[in-house]
Each structure stands twice: as structure tokens, then as C-alpha cells.
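Source file: start-v7.pdb; contents: PDB, C-alpha atoms.
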MODEL        1
ATOM      1  CA  MET A   1      14.718  12.662 -17.448
ATOM      2  CA  ILE A   2      11.922  10.594 -15.940
ATOM      3  CA  PHE A   3      14.012   9.558 -12.952
ATOM      4  CA  LYS A   4      15.138  13.160 -12.393
ATOM      5  CA  LYS A   5      11.482  14.137 -12.177
ATOM      6  CA  LEU A   6      10.821  11.264  -9.801
ATOM      7  CA  THR A   7      13.522  12.597  -7.494
ATOM      8  CA  MET A   8      12.066  16.087  -7.662
ATOM      9  CA  LEU A   9       8.598  14.746  -6.907
ATOM     10  CA  ALA A  10       9.849  12.797  -3.915
ATOM     11  CA  ALA A  11      11.508  15.913  -2.504
ATOM     12  CA  ALA A  12       8.404  17.982  -3.108
ATOM     13  CA  ALA A  13       6.287  15.425  -1.295
ATOM     14  CA  ALA A  14       8.125  16.119   1.941
ATOM     15  CA  PHE A  15       6.764  19.662   1.867
ATOM     16  CA  ALA A  16       3.337  18.916   0.446
ATOM     17  CA  GLY A  17       0.325  19.741   2.544
ATOM     18  CA  VAL A  18      -1.633  16.671   3.531
ATOM     19  CA  SER A  19      -5.133  16.792   2.083
ATOM     20  CA  GLY A  20      -6.126  13.437   3.550
ATOM     21  CA  ALA A  21      -7.221  14.452   7.030
ATOM     22  CA  ALA A  22     -10.713  13.135   6.260
ATOM     23  CA  TRP A  23      -9.429   9.681   5.281
ATOM     24  CA  ALA A  24      -9.883   7.079   8.021
ATOM     25  CA  TYR A  25      -7.877   4.713   5.851
ATOM     26  CA  PRO A  26      -4.961   4.339   5.632
ATOM     27  CA  ASP A  27      -3.374   5.159   8.958
ATOM     28  CA  LYS A  28       0.004   3.554   8.224
ATOM     29  CA  PRO A  29       2.185   2.861   5.148
ATOM     30  CA  ILE A  30       0.886   0.515   2.454
ATOM     31  CA  ASN A  31       2.920  -2.203   0.734
ATOM     32  CA  TYR A  32       2.648  -1.737  -3.039
ATOM     33  CA  ILE A  33       3.795  -4.900  -4.833
ATOM     34  CA  ILE A  34       4.929  -4.610  -8.433
ATOM     35  CA  PRO A  35       4.877  -8.057 -10.111
ATOM     36  CA  PHE A  36       7.797  -7.174 -12.400
ATOM     37  CA  ASN A  37      11.409  -6.053 -12.139
ATOM     38  CA  PRO A  38      12.339  -2.457 -11.296
ATOM     39  CA  GLY A  39      12.598   0.013 -14.162
ATOM     40  CA  GLY A  40       9.592  -0.979 -16.264
ATOM     41  CA  GLU A  41       6.448   1.024 -16.898
ATOM     42  CA  SER A  42       4.666  -0.523 -13.891
ATOM     43  CA  ASP A  43       7.492   0.577 -11.610
ATOM     44  CA  ILE A  44       7.789   4.047 -13.130
ATOM     45  CA  SER A  45       4.072   4.753 -12.793
ATOM     46  CA  ALA A  46       4.044   3.478  -9.176
ATOM     47  CA  ARG A  47       6.909   5.814  -8.321
ATOM     48  CA  LEU A  48       5.120   8.689  -9.977
ATOM     49  CA  GLN A  49       2.037   7.888  -7.886
ATOM     50  CA  SER A  50       3.950   7.594  -4.615
ATOM     51  CA  PRO A  51       4.324  11.262  -3.594
ATOM     52  CA  TYR A  52       0.729  11.970  -4.574
ATOM     53  CA  PHE A  53      -0.470   9.087  -2.432
ATOM     54  CA  ASN A  54       1.254  10.815   0.476
ATOM     55  CA  LYS A  55      -0.259  14.134  -0.549
ATOM     56  CA  VAL A  56      -3.788  12.692  -0.506
ATOM     57  CA  THR A  57      -3.600  10.422   2.547
ATOM     58  CA  GLY A  58      -0.583  11.506   4.578
ATOM     59  CA  GLN A  59       0.796   7.965   4.301
ATOM     60  CA  ASP A  60       3.553   6.468   2.183
ATOM     61  CA  VAL A  61       3.507   3.477  -0.115
ATOM     62  CA  VAL A  62       6.425   1.063   0.145
ATOM     63  CA  ILE A  63       7.156  -0.265  -3.338
ATOM     64  CA  GLN A  64       8.287  -3.884  -3.494
ATOM     65  CA  TYR A  65       9.031  -6.213  -6.408
ATOM     66  CA  GLN A  66       7.897  -9.781  -6.918
ATOM     67  CA  ALA A  67       8.857 -10.584 -10.489
ATOM     68  CA  GLY A  68       8.407 -13.896 -12.249
ATOM     69  CA  ALA A  69       6.406 -15.677 -14.937
ATOM     70  CA  GLY A  70       5.273 -12.455 -16.569
ATOM     71  CA  GLY A  71       3.572 -11.300 -13.362
ATOM     72  CA  ALA A  72       1.851 -14.616 -12.645
ATOM     73  CA  GLN A  73       4.157 -15.467  -9.746
ATOM     74  CA  ALA A  74       2.792 -12.514  -7.771
ATOM     75  CA  TRP A  75      -0.815 -12.618  -8.987
ATOM     76  CA  SER A  76      -1.133 -16.300  -8.092
ATOM     77  CA  VAL A  77      -0.470 -15.565  -4.414
ATOM     78  CA  LEU A  78      -2.235 -12.213  -4.036
ATOM     79  CA  ASN A  79      -5.183 -13.801  -2.246
ATOM     80  CA  ASP A  80      -2.828 -15.329   0.312
ATOM     81  CA  GLN A  81      -2.029 -11.830   1.567
ATOM     82  CA  PRO A  82      -3.943 -10.199   4.462
ATOM     83  CA  GLY A  83      -7.072  -8.415   3.289
ATOM     84  CA  ASP A  84      -6.608  -5.427   5.560
ATOM     85  CA  GLY A  85      -6.005  -2.848   2.853
ATOM     86  CA  TYR A  86      -2.294  -2.564   3.548
ATOM     87  CA  THR A  87      -1.154  -4.810   0.718
ATOM     88  CA  ILE A  88      -1.970  -3.738  -2.833
ATOM     89  CA  MET A  89      -0.630  -5.099  -6.092
ATOM     90  CA  GLY A  90      -0.209  -3.763  -9.600
ATOM     91  CA  THR A  91      -2.140  -5.597 -12.320
ATOM     92  CA  ASN A  92      -1.745  -5.528 -16.093
ATOM     93  CA  LEU A  93      -3.988  -6.162 -19.060
ATOM     94  CA  PRO A  94      -3.996  -8.144 -21.255
ATOM     95  CA  HIS A  95      -1.739 -10.292 -19.039
ATOM     96  CA  ILE A  96      -4.312 -11.182 -16.373
ATOM     97  CA  VAL A  97      -6.826 -12.259 -19.034
ATOM     98  CA  LEU A  98      -4.603 -13.994 -21.583
ATOM     99  CA  GLN A  99      -2.461 -15.913 -19.088
ATOM    100  CA  PRO A 100      -5.374 -17.960 -17.670
ATOM    101  CA  LEU A 101      -6.867 -18.380 -21.162
ATOM    102  CA  LEU A 102      -3.725 -19.810 -22.713
ATOM    103  CA  GLN A 103      -2.017 -21.656 -19.860
ATOM    104  CA  ASP A 104      -2.283 -22.462 -16.147
ATOM    105  CA  PRO A 105      -0.606 -19.571 -14.316
ATOM    106  CA  GLY A 106      -1.949 -20.551 -10.892
ATOM    107  CA  TYR A 107      -4.838 -18.087 -10.851
ATOM    108  CA  GLU A 108      -7.987 -17.193 -12.801
ATOM    109  CA  THR A 109      -8.806 -13.713 -14.036
ATOM    110  CA  ASP A 110     -11.779 -13.444 -11.687
ATOM    111  CA  ASP A 111      -9.567 -14.334  -8.703
ATOM    112  CA  LEU A 112      -8.069 -10.837  -8.888
ATOM    113  CA  THR A 113     -10.001  -8.005  -7.239
ATOM    114  CA  ASN A 114      -9.130  -4.925  -9.257
ATOM    115  CA  VAL A 115     -10.168  -1.681  -7.595
ATOM    116  CA  TYR A 116      -8.940   0.848 -10.188
ATOM    117  CA  MET A 117      -7.450   0.979 -13.681
ATOM    118  CA  PHE A 118      -5.531   4.229 -13.799
ATOM    119  CA  HIS A 119      -3.605   4.428 -17.082
ATOM    120  CA  PHE A 120      -2.540   2.605 -20.186
ATOM    121  CA  THR A 121       0.416   2.724 -22.524
ATOM    122  CA  PRO A 122      -1.140   2.929 -25.987
ATOM    123  CA  ASP A 123       0.123   0.595 -28.685
ATOM    124  CA  ALA A 124       2.114   2.381 -31.354
ATOM    125  CA  LEU A 125       3.719   1.398 -34.642
ATOM    126  CA  ILE A 126       7.298   2.652 -34.482
ATOM    127  CA  VAL A 127      10.148   2.670 -37.002
ATOM    128  CA  ARG A 128      13.712   3.955 -36.956
ATOM    129  CA  ALA A 129      14.132   7.619 -37.806
ATOM    130  CA  ASP A 130      15.881   6.684 -41.074
ATOM    131  CA  SER A 131      13.265   4.098 -42.103
ATOM    132  CA  GLU A 132      11.835   4.122 -45.607
ATOM    133  CA  PHE A 133       8.365   3.872 -44.048
ATOM    134  CA  GLU A 134       6.993   7.367 -43.580
ATOM    135  CA  THR A 135       3.343   6.434 -43.014
ATOM    136  CA  VAL A 136       1.169   3.504 -41.995
ATOM    137  CA  GLN A 137      -0.017   3.286 -45.584
ATOM    138  CA  ASP A 138       3.582   2.716 -46.684
ATOM    139  CA  VAL A 139       3.688  -0.303 -44.367
ATOM    140  CA  ILE A 140       0.355  -1.634 -45.631
ATOM    141  CA  ASP A 141       1.445  -1.271 -49.265
ATOM    142  CA  ALA A 142       4.759  -3.046 -48.688
ATOM    143  CA  ALA A 143       3.105  -5.839 -46.708
ATOM    144  CA  SER A 144       0.513  -6.304 -49.443
ATOM    145  CA  GLU A 145       3.244  -6.810 -52.031
ATOM    146  CA  ALA A 146       5.092  -9.366 -49.895
ATOM    147  CA  PRO A 147       2.902 -10.824 -47.116
ATOM    148  CA  GLY A 148       4.951 -11.788 -44.076
ATOM    149  CA  ALA A 149       8.194 -10.359 -45.413
ATOM    150  CA  LEU A 150       8.211  -7.379 -43.055
ATOM    151  CA  THR A 151       9.204  -8.027 -39.452
ATOM    152  CA  ALA A 152       7.689  -6.274 -36.453
ATOM    153  CA  GLY A 153       9.212  -6.721 -33.018
ATOM    154  CA  GLY A 154       7.294  -6.564 -29.775
ATOM    155  CA  SER A 155       7.314  -7.502 -26.114
ATOM    156  CA  ALA A 156       6.636 -11.231 -25.693
ATOM    157  CA  THR A 157       3.898 -13.437 -27.112
ATOM    158  CA  ASN A 158       0.253 -13.154 -26.040
ATOM    159  CA  SER A 159       0.956  -9.574 -24.988
ATOM    160  CA  ALA A 160      -0.529  -6.192 -25.870
ATOM    161  CA  ASN A 161       2.050  -5.867 -28.653
ATOM    162  CA  HIS A 162       1.232  -9.313 -30.023
ATOM    163  CA  ILE A 163      -2.468  -8.450 -29.974
ATOM    164  CA  ALA A 164      -1.761  -5.179 -31.804
ATOM    165  CA  ASN A 165      -0.009  -7.066 -34.577
ATOM    166  CA  GLN A 166      -3.008  -9.382 -34.982
ATOM    167  CA  LEU A 167      -5.549  -6.554 -34.872
ATOM    168  CA  PHE A 168      -3.556  -4.664 -37.496
ATOM    169  CA  ALA A 169      -3.694  -7.707 -39.765
ATOM    170  CA  ASN A 170      -7.422  -8.113 -39.129
ATOM    171  CA  GLU A 171      -8.142  -4.470 -39.917
ATOM    172  CA  THR A 172      -5.833  -3.911 -42.889
ATOM    173  CA  GLY A 173      -4.956  -7.330 -44.293
ATOM    174  CA  ALA A 174      -1.271  -6.457 -43.819
ATOM    175  CA  GLN A 175       0.556  -9.568 -42.636
ATOM    176  CA  LEU A 176       3.637  -8.688 -40.593
ATOM    177  CA  THR A 177       5.867 -11.359 -39.090
ATOM    178  CA  TYR A 178       5.822 -10.768 -35.346
ATOM    179  CA  ILE A 179       9.159 -11.206 -33.562
ATOM    180  CA  PRO A 180       8.744 -11.506 -29.773
ATOM    181  CA  TYR A 181      11.387 -10.135 -27.419
ATOM    182  CA  THR A 182      11.662 -10.766 -23.694
ATOM    183  CA  GLY A 183      10.379  -7.292 -22.916
ATOM    184  CA  THR A 184      10.081  -3.719 -24.107
ATOM    185  CA  GLY A 185      13.669  -2.992 -23.076
ATOM    186  CA  ALA A 186      14.993  -5.823 -25.248
ATOM    187  CA  SER A 187      12.849  -4.915 -28.240
ATOM    188  CA  ILE A 188      14.232  -1.375 -28.570
ATOM    189  CA  PRO A 189      17.823  -2.454 -29.429
ATOM    190  CA  GLY A 190      16.251  -4.939 -31.852
ATOM    191  CA  LEU A 191      14.667  -2.066 -33.738
ATOM    192  CA  LEU A 192      17.580   0.362 -33.519
ATOM    193  CA  GLY A 193      20.056  -2.366 -34.474
ATOM    194  CA  GLY A 194      18.103  -3.398 -37.559
ATOM    195  CA  GLU A 195      17.005  -6.843 -36.374
ATOM    196  CA  VAL A 196      13.408  -5.881 -37.181
ATOM    197  CA  GLU A 197      12.012  -3.292 -39.562
ATOM    198  CA  MET A 198       9.442  -1.887 -37.173
ATOM    199  CA  LEU A 199       8.237  -2.237 -33.636
ATOM    200  CA  TRP A 200       4.920  -2.699 -31.938
ATOM    201  CA  GLY A 201       5.759  -0.633 -28.906
ATOM    202  CA  TYR A 202       4.133   1.994 -26.746
ATOM    203  CA  THR A 203       4.043   5.768 -26.596
ATOM    204  CA  THR A 204       6.457   5.470 -23.661
ATOM    205  CA  VAL A 205       9.028   3.926 -26.038
ATOM    206  CA  ALA A 206       8.738   6.877 -28.419
ATOM    207  CA  ALA A 207       9.003   9.275 -25.476
ATOM    208  CA  GLY A 208      12.166   7.572 -24.270
ATOM    209  CA  GLN A 209      13.912   7.205 -27.643
ATOM    210  CA  GLY A 210      13.218  10.690 -28.969
ATOM    211  CA  ASP A 211      14.747  11.503 -32.354
ATOM    212  CA  GLU A 212      16.036   7.965 -32.898
ATOM    213  CA  VAL A 213      12.578   6.704 -33.812
ATOM    214  CA  ARG A 214       9.467   7.790 -35.678
ATOM    215  CA  MET A 215       5.982   6.845 -34.496
ATOM    216  CA  LEU A 216       3.612   6.247 -37.399
ATOM    217  CA  ALA A 217       0.330   5.944 -35.477
ATOM    218  CA  VAL A 218      -0.986   5.477 -31.960
ATOM    219  CA  ALA A 219      -3.876   3.308 -30.742
ATOM    220  CA  GLN A 220      -5.831   5.974 -28.846
ATOM    221  CA  GLU A 221      -9.204   7.620 -29.309
ATOM    222  CA  GLU A 222      -7.468  10.998 -29.551
ATOM    223  CA  ARG A 223      -3.909  12.037 -30.296
ATOM    224  CA  HIS A 224      -1.471  11.833 -27.409
ATOM    225  CA  PRO A 225      -0.638  15.336 -26.111
ATOM    226  CA  LEU A 226       3.080  14.535 -26.201
ATOM    227  CA  PHE A 227       2.805  13.636 -29.903
ATOM    228  CA  PRO A 228       0.304  16.058 -31.451
ATOM    229  CA  ASP A 229       1.558  15.380 -34.995
ATOM    230  CA  VAL A 230       1.138  11.592 -34.809
ATOM    231  CA  PRO A 231      -2.258  10.368 -36.062
ATOM    232  CA  THR A 232      -4.386   7.800 -34.303
ATOM    233  CA  PHE A 233      -5.108   4.545 -36.121
ATOM    234  CA  LYS A 234      -8.793   5.494 -36.046
ATOM    235  CA  GLU A 235      -8.020   8.687 -37.985
ATOM    236  CA  LEU A 236      -6.525   6.438 -40.646
ATOM    237  CA  GLY A 237      -9.661   4.285 -40.772
ATOM    238  CA  ILE A 238      -8.133   1.469 -38.705
ATOM    239  CA  ASP A 239     -10.221   0.546 -35.671
ATOM    240  CA  MET A 240      -7.433   0.039 -33.108
ATOM    241  CA  VAL A 241      -7.589   1.443 -29.584
ATOM    242  CA  GLY A 242      -5.682  -0.276 -26.817
ATOM    243  CA  GLY A 243      -2.389  -1.149 -25.263
ATOM    244  CA  ALA A 244      -1.120  -2.295 -21.879
ATOM    245  CA  TYR A 245      -3.570  -1.312 -19.142
ATOM    246  CA  ARG A 246      -2.408  -0.977 -15.546
ATOM    247  CA  GLY A 247      -4.316  -0.944 -12.297
ATOM    248  CA  ILE A 248      -4.327  -1.927  -8.652
ATOM    249  CA  ALA A 249      -5.806  -5.037  -7.037
ATOM    250  CA  VAL A 250      -6.280  -6.193  -3.457
ATOM    251  CA  PRO A 251      -6.708  -9.628  -1.836
ATOM    252  CA  GLU A 252     -10.246 -10.987  -2.214
ATOM    253  CA  SER A 253     -10.726 -10.883   1.581
ATOM    254  CA  THR A 254     -10.436  -7.084   1.579
ATOM    255  CA  PRO A 255     -13.722  -5.533   2.852
ATOM    256  CA  GLU A 256     -15.926  -3.589   0.448
ATOM    257  CA  ASP A 257     -15.467  -0.301   2.268
ATOM    258  CA  ILE A 258     -11.677  -0.544   2.016
ATOM    259  CA  ARG A 259     -11.905  -1.428  -1.683
ATOM    260  CA  GLN A 260     -14.034   1.659  -2.286
ATOM    261  CA  GLN A 261     -11.818   3.958  -0.217
ATOM    262  CA  LEU A 262      -8.720   2.800  -2.080
ATOM    263  CA  SER A 263     -10.509   3.353  -5.382
ATOM    264  CA  ASP A 264     -11.429   6.883  -4.283
ATOM    265  CA  ILE A 265      -7.812   7.600  -3.287
ATOM    266  CA  ILE A 266      -6.454   6.518  -6.661
ATOM    267  CA  GLY A 267      -9.185   8.519  -8.367
ATOM    268  CA  GLU A 268      -8.145  11.651  -6.480
ATOM    269  CA  ILE A 269      -4.520  11.092  -7.462
ATOM    270  CA  ASN A 270      -5.549  10.586 -11.088
ATOM    271  CA  ALA A 271      -7.419  13.908 -11.062
ATOM    272  CA  ASP A 272      -4.395  15.914  -9.907
ATOM    273  CA  PRO A 273      -3.291  18.158 -12.821
ATOM    274  CA  GLU A 274       0.364  17.929 -11.821
ATOM    275  CA  PHE A 275       0.219  14.139 -11.743
ATOM    276  CA  ILE A 276      -1.520  14.036 -15.129
ATOM    277  CA  ALA A 277       1.191  16.261 -16.615
ATOM    278  CA  GLN A 278       3.954  14.030 -15.225
ATOM    279  CA  MET A 279       2.320  10.894 -16.577
ATOM    280  CA  GLU A 280       1.698  12.316 -20.035
ATOM    281  CA  GLU A 281       5.229  13.681 -20.289
ATOM    282  CA  ALA A 282       6.499  10.158 -19.634
ATOM    283  CA  GLY A 283       4.311   8.894 -22.488
ATOM    284  CA  PHE A 284       1.480   7.356 -20.463
ATOM    285  CA  ALA A 285      -2.198   7.902 -21.283
ATOM    286  CA  MET A 286      -4.639   8.490 -18.449
ATOM    287  CA  LEU A 287      -7.536   6.135 -17.768
ATOM    288  CA  ASP A 288     -10.207   6.214 -15.064
ATOM    289  CA  VAL A 289     -12.024   2.971 -14.268
ATOM    290  CA  PRO A 290     -13.050   3.061 -10.592
ATOM    291  CA  TYR A 291     -14.160   0.099  -8.521
ATOM    292  CA  ASP A 292     -17.874   0.453  -9.229
ATOM    293  CA  GLU A 293     -17.231   0.341 -13.004
ATOM    294  CA  MET A 294     -14.651  -2.441 -12.929
ATOM    295  CA  ASP A 295     -16.934  -5.421 -13.582
ATOM    296  CA  ALA A 296     -18.252  -3.983 -16.838
ATOM    297  CA  PHE A 297     -14.773  -2.921 -17.949
ATOM    298  CA  MET A 298     -13.304  -6.351 -17.257
ATOM    299  CA  GLU A 299     -16.128  -8.163 -19.027
ATOM    300  CA  GLU A 300     -15.482  -6.111 -22.156
ATOM    301  CA  ARG A 301     -11.730  -6.723 -21.975
ATOM    302  CA  LYS A 302     -12.294 -10.459 -21.536
ATOM    303  CA  ARG A 303     -14.560 -10.500 -24.584
ATOM    304  CA  VAL A 304     -12.028  -8.672 -26.761
ATOM    305  CA  TYR A 305      -9.026 -10.685 -25.606
ATOM    306  CA  GLY A 306     -10.934 -13.966 -25.818
ATOM    307  CA  GLU A 307     -11.613 -13.433 -29.508
ATOM    308  CA  ILE A 308      -8.003 -12.520 -30.213
ATOM    309  CA  ALA A 309      -6.644 -15.408 -28.123
ATOM    310  CA  GLU A 310      -8.205 -17.908 -30.514
ATOM    311  CA  GLN A 311      -6.390 -16.272 -33.425
ATOM    312  CA  LEU A 312      -3.071 -16.151 -31.577
ATOM    313  CA  ASN A 313      -3.379 -19.859 -30.824
ATOM    314  CA  ASP A 314      -3.980 -20.585 -34.496
ATOM    315  CA  GLU A 315      -0.740 -18.955 -35.640
TER
ENDMDL
END

Go ahead and express the file in the form of C-alpha cells.
Amino acid sequence: MIFKKLTMLAAAAAFAGVSGAAWAYPDKPINYIIPFNPGGESDISARLQSPYFNKVTGQDVVIQYQAGAGGAQAWSVLNDQPGDGYTIMGTNLPHIVLQPLLQDPGYETDDLTNVYMFHFTPDALIVRADSEFETVQDVIDAASEAPGALTAGGSATNSANHIANQLFANETGAQLTYIPYTGTGASIPGLLGGEVEMLWGYTTVAAGQGDEVRMLAVAQEERHPLFPDVPTFKELGIDMVGGAYRGIAVPESTPEDIRQQLSDIIGEINADPEFIAQMEEAGFAMLDVPYDEMDAFMEERKRVYGEIAEQLNDE
């Protein structure tokens, strides 16, 4: 369904009126590097953005893939690229904070010049449709009776899903045994096949799996419009808001005016009602952190992830 919509959007873009006559930049296509394989959330959101980028600027983005080491292979060489505004790269949180904290990925968090954070996939606690767990309280009660006996799958270690599992334990005292998979795609069969009893996934997983799964709660400030009947963790008295954040970075040599113009372009795309509807239907949650607010946002994320990193290391 998502890819059908992507095709429709691409066709529509050919007929879209260009609203970017006032933009001096860009005046040619931009290379958009995704530091993961095709088909993941980073790729899907970039493809959703693509026709709107053309609508705003009159120029295309050329999506490329540079997967490896959980994104670190691409992020470690971003600053080797020309800083002319025609190479941009997707970035992910908590990856770009936790990787340098817990290992040597070839870059430091502050080496990456993020110009906009445009959405996140909220963490969600998900079970099979036939699961005995109907509510989050059911999970807490069962975990309290047998600490560590319940298994919760998720995408990788030191990831947004891993952090969610730790935060849940911190907030509720419910100790779940976290089972890391190689990615979101691998974790879904683990849940559906009964390898794990629940999944720390994202709203995008629930959107993709439909009636096969049940989402117990979502880590947003407000309920996701695609899932109006699913409570937030905060509604349940559990202070959890977060997930996998995604944005765009440029080489550090990129001039300030180009950084700001790119931020403004992404902001205009993010404000388009049609784009918002497409993103939310795919399970994404919108986020607007422009360039001039990025330093404060990143400092807060580093503080939060730094505290959790110590706990993850102690496991």
C-alpha cells in the first residue's frame, strides 16, 4: 500500500506546479544518501519526501544507499563529501549519539551537521492479535510475578527499541528480557512466529501488520491519528515519549546560508498537508526541529541517551 502511494506521488509530481521559483538553491538535483539498505523507514520517508522536494524547489533528489555498520559507514565519511549543498545524508537518533558513546564508529556525534529533524517513529509495545496480554497493565502484572520471564523482541542493541525496554523497566519495575534482532524486518517474524511474547517496535510496524498484531501503547505526547484507540504511555502514568528520530545532515564545510536554506525547504515540505497525511498513514509521526533549534534539541537527546547508555552497559 505504501509503495503504491509512492508511485502515485511520483506520477503526481510530474504535473505539480513548481512553487520554488524564489529559491536560489538548489539549481540542480541533490544526492540524498540513505545510510541503510532500501526498504526501511529511512528509505520510505525519503521517497515520500522526494516529489514534494520537487514541488517546492523544482529540483529532484537522487536517492542513494550506503549501508553498513548500522549507518556508521556513511556517517563516518559525510565530512569528506563536498560542502556545496548538493550532498545530503539521512541521520538517525539514537544511533548517532549511542554509537560514539559505546564504541568507535569513526565519527563523533558533534561531527554531524544536522539541519532538520523531520519525523520520528514512536516506540510501541506490540503483541500478536491472539496474545493473552490485552493491556500494558497485564504485561506489568505478569512481569512482576516472574521478573525476566517475558521476552520482548526489538531491533538491535543500543537502539531506540533497546532504550524503550530499559525506560519501561525504569518507569514500571517490569523486567522484560530483551531479545535483539538484526532489524525491524527480522523482529516481526520473531513476534508472529512466537519466538518472543511481545515486541518493542514502532507505529510503522503496527501500520504494516494490521490485524495480525495489537498495539498496547505508544510513546507519543498524544495519540497517533492512525491509532486513535491506542493509549499513550503517558496516559497510563508511564513517562515514555520517544522512538527513532530521523533527519538530514550536510558536510561540515557546507556554508551557513545553504544549511539554513535546506532547513527552510524541509520545513516547507513538512508543512504540506498532503505530505503530513501520507506520512501519518504510513505510521510516522511528524516532528519539526529546524536548523536554528538543532543545538538545543541535540543537547537534550545526548543527555537522555547518555543516562540510558550507562544502564545498557551495565546489563

Test item: the PyMOL selection byres ((chain A and resi 209) around 12) resolved as a VMD selection string: chain A and resid 1 126 to 129 185 188 to 189 191 to 192 201 to 208 210 to 215 282 to 283

Output check: residues returned by the PyMOL selection byres ((chain A and resi 249) around 6), as a PyMOL selection string: chain A and resi 88-89+113-115+248+250

Atom-to-atom span, CA of Leu287 in chain A and CA of Phe118 in chain A, Å: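 For CA of Leu287 in chain A relative to CA of Phe118 in chain A, the distance reads 4.8 Å.
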
Near-Glu235 in chain A list (12 Å; all atoms listed in the file; drop same-chain fewer than 3 positions) as a PyMOL selection string: chain A and resi 136+216-223+230-232+238-241

Gly173 in chain A surroundings by all atoms listed in the file, 9 Å radius, close-in-sequence under 4 positions cut, as a ChimeraX atom specification: /A:140,143-144,168-169

Residue neighbourhood Gly190 in chain A, 12 Å, all atoms listed in the file, exclusion window fewer than 3 positions, as a PyMOL selection string: chain A and resi 127-128+151-155+179-187+193-201

Selection under test: the PyMOL selection byres ((chain A and resi 170) around 12); residues as a list in words: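 On the file shown, the PyMOL selection byres ((chain A and resi 170) around 12) covers Ile163, Ala164, Asn165, Gln166, Leu167, Phe168, Ala169, Glu171, Thr172, Gly173, Ala174, Gln175, Leu176, Ile238, Asp239, Met240, Glu307, Ile308, Gln311 and Leu312 of chain A.
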
Distance of CA of Asp84 in chain A from CA of Gln66 in chain A, expressed in Å to one decimal place: 19.6 Å

Atom pair CA of Val62 in chain A / CA of Ile30 in chain A: separation (Å): 6.0 Å

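With all atoms listed in the file as the atoms that count, the minimum distance from Asp257 in chain A to the choices A:Ala142, A:Leu102, A:Gln73, A:Asp292 is reached by A:Asp292.
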
Best match for closeness to Leu78 in chain A among A:Pro251, A:Leu150, A:Leu93, A:Gly243, counting only C-alpha atoms: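 So, comparing all the options, the nearest one is A:Pro251.
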
Close residues, Ser45 in chain A itself excluded, 10 Å, all atoms listed in the file, min 2 positions apart in chain, as a short mmCIF file (atom, residue, chain, number, x, y, z; two decimals) with C-alpha atoms, keeping the file's coordinate frame:
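Resulting contents of result_27.cif:
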data_model
loop_
_atom_site.label_atom_id
_atom_site.label_comp_id
_atom_site.auth_asym_id
_atom_site.auth_seq_id
_atom_site.Cartn_x
_atom_site.Cartn_y
_atom_site.Cartn_z
CA LEU A 6 10.82 11.26 -9.80
CA GLY A 39 12.60 0.01 -14.16
CA GLY A 40 9.59 -0.98 -16.26
CA GLU A 41 6.45 1.02 -16.90
CA SER A 42 4.67 -0.52 -13.89
CA ASP A 43 7.49 0.58 -11.61
CA ARG A 47 6.91 5.81 -8.32
CA LEU A 48 5.12 8.69 -9.98
CA GLN A 49 2.04 7.89 -7.89
CA SER A 50 3.95 7.59 -4.62
CA PHE A 118 -5.53 4.23 -13.80
CA HIS A 119 -3.60 4.43 -17.08
CA ARG A 246 -2.41 -0.98 -15.55
CA GLN A 278 3.95 14.03 -15.22
CA MET A 279 2.32 10.89 -16.58
CA ALA A 282 6.50 10.16 -19.63
CA PHE A 284 1.48 7.36 -20.46
#

How would range 176-190 of chain A of the given structure read as a file with C-alpha atoms, as a PDB file, in the first residue's frame?
ATOM      1  CA  LEU A 176      11.398  -7.920  30.360  1.00  0.00           C
ATOM      2  CA  THR A 177      14.159  -9.929  28.717  1.00  0.00           C
ATOM      3  CA  TYR A 178      15.135  -8.005  25.599  1.00  0.00           C
ATOM      4  CA  ILE A 179      15.850 -10.116  22.509  1.00  0.00           C
ATOM      5  CA  PRO A 180      17.696  -8.140  19.805  1.00  0.00           C
ATOM      6  CA  TYR A 181      17.081  -8.849  16.128  1.00  0.00           C
ATOM      7  CA  THR A 182      19.120  -7.582  13.197  1.00  0.00           C
ATOM      8  CA  GLY A 183      16.433  -5.076  12.292  1.00  0.00           C
ATOM      9  CA  THR A 184      12.746  -4.257  12.394  1.00  0.00           C
ATOM     10  CA  GLY A 185      12.072  -6.556   9.440  1.00  0.00           C
ATOM     11  CA  ALA A 186      13.610  -9.530  11.251  1.00  0.00           C
ATOM     12  CA  SER A 187      11.839  -8.818  14.526  1.00  0.00           C
ATOM     13  CA  ILE A 188       8.327  -9.019  13.049  1.00  0.00           C
ATOM     14  CA  PRO A 189       8.532 -12.743  12.104  1.00  0.00           C
ATOM     15  CA  GLY A 190      10.001 -13.305  15.574  1.00  0.00           C
TER      16      GLY A 190
END
